[in-house]
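Shown below: my_file.csv, with CSV, C-alpha atoms.
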chain,number,residue,atom,x,y,z
A,223,ARG,CA,92.0,92.0,68.7
A,224,ASN,CA,95.2,92.0,66.7
A,225,LYS,CA,98.2,90.5,68.2
A,226,SER,CA,101.5,89.7,66.6
A,227,TYR,CA,104.2,87.5,68.1
A,228,ASN,CA,107.9,88.2,67.8
A,229,ASP,CA,110.5,86.1,69.6
A,230,GLY,CA,107.8,84.9,72.1
A,231,VAL,CA,106.7,88.4,72.9
A,232,ALA,CA,103.1,89.3,72.1
A,233,VAL,CA,102.3,92.8,70.9
A,234,GLU,CA,98.9,93.9,72.2
A,235,ASN,CA,97.1,96.2,69.8
A,236,SER,CA,93.9,96.6,71.7
A,237,SER,CA,92.8,99.1,74.3
A,238,ALA,CA,91.5,96.4,76.6
A,239,LEU,CA,91.2,97.3,80.2
A,240,ARG,CA,93.1,95.4,82.8
A,241,GLY,CA,91.4,92.2,84.0
A,242,MET,CA,90.5,88.8,82.8
A,243,ASN,CA,88.3,87.3,80.2
A,244,LYS,CA,87.8,83.5,79.9
A,245,SER,CA,91.2,82.8,78.5
A,246,VAL,CA,93.7,85.6,79.5
A,247,TYR,CA,94.5,88.0,82.3
A,248,ARG,CA,95.9,91.4,81.3
A,249,TYR,CA,97.4,94.0,83.6
A,250,ASN,CA,99.8,96.9,83.6
A,251,ILE,CA,102.4,98.1,86.0
A,252,CYS,CA,103.1,101.6,87.2
A,253,ASN,CA,105.2,103.9,89.4
A,254,GLY,CA,108.3,102.8,91.3
A,255,LEU,CA,110.1,99.5,91.9
A,256,SER,CA,108.0,98.4,94.9
A,257,ASN,CA,104.8,99.1,93.1
A,258,GLN,CA,105.9,97.2,90.0
A,259,LEU,CA,107.0,94.1,92.0
A,260,LEU,CA,103.8,94.1,94.0
A,261,TYR,CA,101.6,94.5,90.9
A,262,HIS,CA,103.4,91.9,88.9
A,263,SER,CA,103.1,89.4,91.7
A,264,ALA,CA,99.5,90.1,92.5
A,265,SER,CA,98.3,90.1,88.9
A,266,ILE,CA,100.1,86.8,88.2
A,267,ALA,CA,98.8,85.3,91.4
A,268,ILE,CA,95.2,86.3,90.4
A,269,ALA,CA,95.6,84.7,87.0
A,270,ALA,CA,97.1,81.5,88.5
A,271,SER,CA,94.3,81.2,91.0
A,272,ASN,CA,91.8,81.4,88.1
A,273,LYS,CA,93.9,79.0,86.0
A,274,ILE,CA,94.1,81.3,83.0
A,275,ARG,CA,97.0,82.6,81.0
A,276,VAL,CA,98.6,85.8,82.1
A,277,GLU,CA,100.2,88.5,79.8
A,278,ILE,CA,103.1,90.1,81.6
A,279,PRO,CA,104.0,93.7,80.6
A,280,ASP,CA,107.5,93.6,79.1
A,281,TYR,CA,108.6,96.8,80.8
A,282,PHE,CA,110.5,98.0,83.8
A,283,ILE,CA,109.8,101.7,84.6
A,284,VAL,CA,113.2,103.3,85.4
A,285,ASN,CA,111.6,106.7,86.2
A,286,GLY,CA,108.4,106.2,88.2
A,287,VAL,CA,108.5,109.6,89.9
A,288,GLN,CA,104.9,110.6,90.6
A,289,GLU,CA,104.4,114.4,90.3
A,290,SER,CA,100.7,114.1,91.1
A,291,LEU,CA,98.3,111.4,92.3
A,292,GLU,CA,98.2,110.0,88.7
A,293,ASN,CA,100.0,106.7,88.2
A,294,VAL,CA,103.1,106.7,86.0
A,295,LEU,CA,102.6,104.1,83.3
A,296,PRO,CA,105.3,102.7,81.1
A,297,THR,CA,106.2,104.7,78.0
A,298,GLU,CA,109.0,104.5,75.4
A,299,ARG,CA,110.8,107.3,77.4
A,300,ASN,CA,110.5,106.1,81.0
A,301,SER,CA,111.0,102.3,80.7
A,302,VAL,CA,113.2,99.6,79.4
A,303,PRO,CA,112.4,95.9,78.6
A,304,PHE,CA,111.8,93.7,81.6
A,305,SER,CA,114.8,91.6,80.4
A,306,GLN,CA,117.3,94.5,80.9
A,307,VAL,CA,116.6,94.5,84.6
A,308,PHE,CA,115.4,90.9,85.4
A,309,ASP,CA,116.3,87.5,83.9
A,310,SER,CA,113.1,87.1,81.8
A,311,LYS,CA,114.0,83.5,80.8
A,312,HIS,CA,114.4,82.4,84.4
A,313,PHE,CA,111.2,84.3,85.4
A,314,LEU,CA,109.1,82.5,82.7
A,315,ALA,CA,110.7,79.2,83.6
A,316,GLN,CA,109.7,79.7,87.2
A,317,MET,CA,106.2,80.7,86.3
A,318,HIS,CA,105.9,77.5,84.2
A,319,SER,CA,107.3,75.4,87.0
A,320,LEU,CA,104.5,76.8,89.2
A,321,GLY,CA,101.9,75.8,86.5
A,322,ILE,CA,101.4,79.3,85.4
A,323,GLU,CA,100.9,79.9,81.7
A,324,ALA,CA,102.6,83.2,81.0
A,325,THR,CA,104.0,85.3,78.2
A,326,PHE,CA,105.5,88.8,77.9
A,327,VAL,CA,103.6,91.5,76.0
A,328,THR,CA,104.5,94.9,74.7
A,329,PHE,CA,102.0,97.7,74.3
A,330,ASP,CA,101.2,99.9,71.3
A,331,PHE,CA,101.8,103.3,73.0
A,332,THR,CA,99.7,105.1,70.3
A,333,LYS,CA,96.6,103.4,71.9
A,334,GLU,CA,95.0,103.8,75.3
A,335,GLN,CA,96.9,101.8,77.8
A,336,ILE,CA,95.6,99.0,80.0
A,337,GLN,CA,94.9,100.3,83.6
A,338,CYS,CA,97.6,99.8,86.2
A,339,ALA,CA,97.1,97.1,88.8
A,340,ASP,CA,96.5,98.5,92.3
A,341,MET,CA,96.4,97.6,96.0
A,342,SER,CA,92.9,96.1,95.6
A,343,ASP,CA,94.6,93.4,93.4
A,344,VAL,CA,97.2,92.9,96.1
A,345,MET,CA,94.5,92.4,98.7
A,346,ARG,CA,92.6,89.8,96.6
A,347,ALA,CA,95.6,87.9,95.4
A,348,ASP,CA,96.7,84.6,97.0
A,349,ALA,CA,99.6,85.6,99.3
A,350,GLN,CA,101.5,82.3,98.9
A,351,ILE,CA,101.5,82.5,95.1
A,352,MET,CA,102.5,86.2,95.3
A,353,LEU,CA,105.5,85.1,97.4
A,354,GLU,CA,106.5,82.5,94.9
A,355,VAL,CA,106.3,85.0,92.1
A,356,ILE,CA,108.4,87.5,94.1
A,357,LYS,CA,111.1,84.8,94.5
A,358,ALA,CA,111.3,84.4,90.7
A,359,PHE,CA,112.7,87.9,90.2
A,360,LYS,CA,116.4,87.4,89.5
A,361,PRO,CA,118.7,90.1,88.2
A,362,SER,CA,119.4,90.0,84.4
A,363,PRO,CA,123.0,89.0,83.4
A,364,MET,CA,123.8,92.7,82.8
A,365,MET,CA,122.4,93.7,86.1
A,366,GLN,CA,124.1,90.8,87.9
A,367,THR,CA,127.5,92.0,86.5
A,368,MET,CA,126.9,95.5,87.9
A,369,ILE,CA,125.9,94.0,91.2
A,370,ASP,CA,129.0,91.9,91.4
A,371,GLN,CA,131.2,94.8,90.5
A,372,ILE,CA,129.7,96.9,93.3
A,373,LYS,CA,130.0,94.0,95.8
A,374,GLU,CA,133.7,93.5,94.8
A,375,SER,CA,134.3,97.2,95.5
A,376,PHE,CA,133.5,96.6,99.2
A,377,GLY,CA,136.3,94.2,99.5
A,378,GLU,CA,135.5,91.1,101.6
A,379,ASP,CA,132.9,88.6,100.6
A,380,GLN,CA,129.5,90.3,100.7
A,381,THR,CA,127.2,87.3,100.2
A,382,ASP,CA,125.1,88.4,103.3
A,383,ALA,CA,125.0,92.1,102.3
A,384,VAL,CA,121.7,94.0,102.2
A,385,CYS,CA,120.9,96.8,99.8
A,386,LEU,CA,118.7,99.6,101.2
A,387,HIS,CA,117.1,102.1,98.8
A,388,HIS,CA,116.2,105.3,100.7
A,389,ARG,CA,114.4,108.0,98.7
A,390,ASP,CA,114.7,111.5,100.2
A,391,GLY,CA,114.4,113.9,97.3
A,392,GLN,CA,111.8,116.7,97.1
A,393,ASP,CA,109.6,114.7,94.7
A,394,TRP,CA,109.3,112.0,97.4
A,395,HIS,CA,108.4,114.5,100.1
A,396,ASP,CA,105.8,116.0,97.8
A,397,HIS,CA,104.4,112.5,97.1
A,398,CYS,CA,104.3,111.8,100.9
A,399,ASP,CA,102.3,115.0,101.5
A,400,ARG,CA,99.7,113.9,98.8
A,401,TRP,CA,99.6,110.4,100.2
A,402,LYS,CA,99.0,111.6,103.7
A,403,ALA,CA,96.4,114.1,102.6
A,404,MET,CA,94.3,111.2,101.2
A,405,SER,CA,93.6,110.1,104.7
A,406,ARG,CA,91.4,113.1,105.3
A,407,SER,CA,88.8,111.7,102.8
A,408,ASP,CA,88.8,108.0,103.7
A,409,GLY,CA,90.3,107.8,107.3
A,410,VAL,CA,92.9,105.3,106.3
A,411,TYR,CA,96.2,105.7,108.1
A,412,ARG,CA,99.0,106.9,105.7
A,413,GLY,CA,101.6,108.4,108.0
A,414,ASN,CA,104.2,105.8,107.1
A,415,CYS,CA,105.7,107.5,104.1
A,416,LEU,CA,108.6,109.2,105.7
A,417,GLY,CA,108.8,106.9,108.7
A,418,VAL,CA,106.4,105.6,111.3
A,419,PRO,CA,105.9,108.0,114.2

Represent the structure from my file as structure tokens, please.
Amino acid sequence: RNKSYNDGVAVENSSALRGMNKSVYRYNICNGLSNQLLYHSASIAIAASNKIRVEIPDYFIVNGVQESLENVLPTERNSVPFSQVFDSKHFLAQMHSLGIEATFVTFDFTKEQIQCADMSDVMRADAQIMLEVIKAFKPSPMMQTMIDQIKESFGEDQTDAVCLHHRDGQDWHDHCDRWKAMSRSDGVYRGNCLGVP
């Protein structure tokens, strides 16, 4: 496996599938914000539980719209570096404070990508470690400036404000139809996409 390091970021040049070997846990993220946060936290928790180094994808997918059942993986067109959205130095420092050896990696998009993590990873990950990882996500300085500007536009102190992201475009309705239809084959309840009846 060829790997080069630049400013602490490893460039992975293999087509290794997600998962662990004796020394490293590799994974990929996909789809929208919630999926990305869950898959980061689950994968890092799995690596931590197994006491091995984890390679964190240095991406944030800004357009994770699923037009089919296929996962939307990071590409040069649909994603930005993790550090544009989240404070990557703070994140790594928090991982290290938890005893987790971690580094950010970029992918060679000319090669087959590592598979996306999935809900089975979430189910097998240690929930307490996942929670600690989730707490480590802090807006990047650029993002924090934008958040502060938006909060200031509301006038009074908004320290207790809550941000709610509600998707209601046609692509979301189409996705919900596909999601609900999966229940016919496995009997798992999936009627929670547009609201719980």

Task: Point-to-point distance from CA of Ser407 (chain A) to CA of Asn293 (chain A), Å rounded to tenths - done: 19.1 Å

Open item on the list: Please determine, counting all atoms listed in the file, which residue among A:Val355, A:Leu320, A:Leu291, A:Ala339 has the shortest atom-to-atom distance to Arg400 (chain A).
Closed with: A:Leu291

TODO: Choose the residue, out of A:Lys402, A:Lys244, A:Lys360, A:His397, that has the smallest atom-to-atom separation from Ser290 (chain A); count all atoms listed in the file.
DONE: A:His397

- [ ] Would you mind reading off the distance between CA of His318 (chain A) and CA of Ala270 (chain A), one decimal, in Å?
- [x]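 These atoms are spaced 10.6 Å apart.
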
Counting all atoms listed in the file, what are the residues of region 256-294 of chain A within 12 Å of region 309-316 of chain A, and for each of them which pair of atoms is the nearest and at what distance in Å, to one decimal? Sort the table by chain and rising number, as a Markdown table.
| residue | atom | partner | partner_atom | distance |
| --- | --- | --- | --- | --- |
| A:His262 | CA | A:Phe313 | CA | 11.4 |
| A:Ser263 | CA | A:Phe313 | CA | 11.5 |
| A:Ile266 | CA | A:Leu314 | CA | 11.4 |
| A:Val276 | CA | A:Leu314 | CA | 11.0 |
| A:Glu277 | CA | A:Leu314 | CA | 11.1 |
| A:Ile278 | CA | A:Leu314 | CA | 9.7 |
| A:Pro279 | CA | A:Ser310 | CA | 11.3 |
| A:Asp280 | CA | A:Ser310 | CA | 9.0 |
| A:Tyr281 | CA | A:Ser310 | CA | 10.7 |
| A:Phe282 | CA | A:Ser310 | CA | 11.4 |

- [ ] Mind checking which residues fall within 10 Å of Arg346 (chain A), counting all atoms listed in the file, ignoring those fewer than 4 positions away in the same chain, and posting them as a VMD selection string?
- [x] chain A and resid 264 to 265 267 to 268 341 to 342

Task: Atomic distance CA of Leu260 (chain A) - CA of Glu354 (chain A), expressed in Å with one decimal - done: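 Calculated distance between CA of Leu260 (chain A) and CA of Glu354 (chain A) is 11.9 Å.
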
Task: Counting all atoms listed in the file, the residue of A:Ile283, A:Val410, A:Ile336, A:Val307 that sits nearest Pro361 (chain A) - done: A:Val307

TODO: Mind checking which residues fall within 12 Å of Met365 (chain A), counting all atoms listed in the file, ignoring those fewer than 5 positions away in the same chain, and posting them as a list in words?
DONE: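 The filter keeps Phe304, Ser305, Gln306, Val307, Phe308, Asp309, Lys360, Asp370, Gln371 and Ile372 of chain A.
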
Task: Expected answer as a list of chain:residue names: all residues with atoms within 12 Å of (100.9, 107.8, 107.9), all atoms listed in the file - done: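 Counting all atoms listed in the file, I find these residues within 12 Å of (100.9, 107.8, 107.9): A:Cys398, A:Asp399, A:Arg400, A:Trp401, A:Lys402, A:Ala403, A:Met404, A:Ser405, A:Arg406, A:Gly409, A:Val410, A:Tyr411, A:Arg412, A:Gly413, A:Asn414, A:Cys415, A:Leu416, A:Gly417, A:Val418, A:Pro419.
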
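Using all atoms listed in the file, the contacts of Val287 (chain A) at a cut-off of 7 Å, with sequence neighbours closer than 2 positions omitted, comprise A:Asn253, A:Gly254, A:Asn285, A:Glu289.
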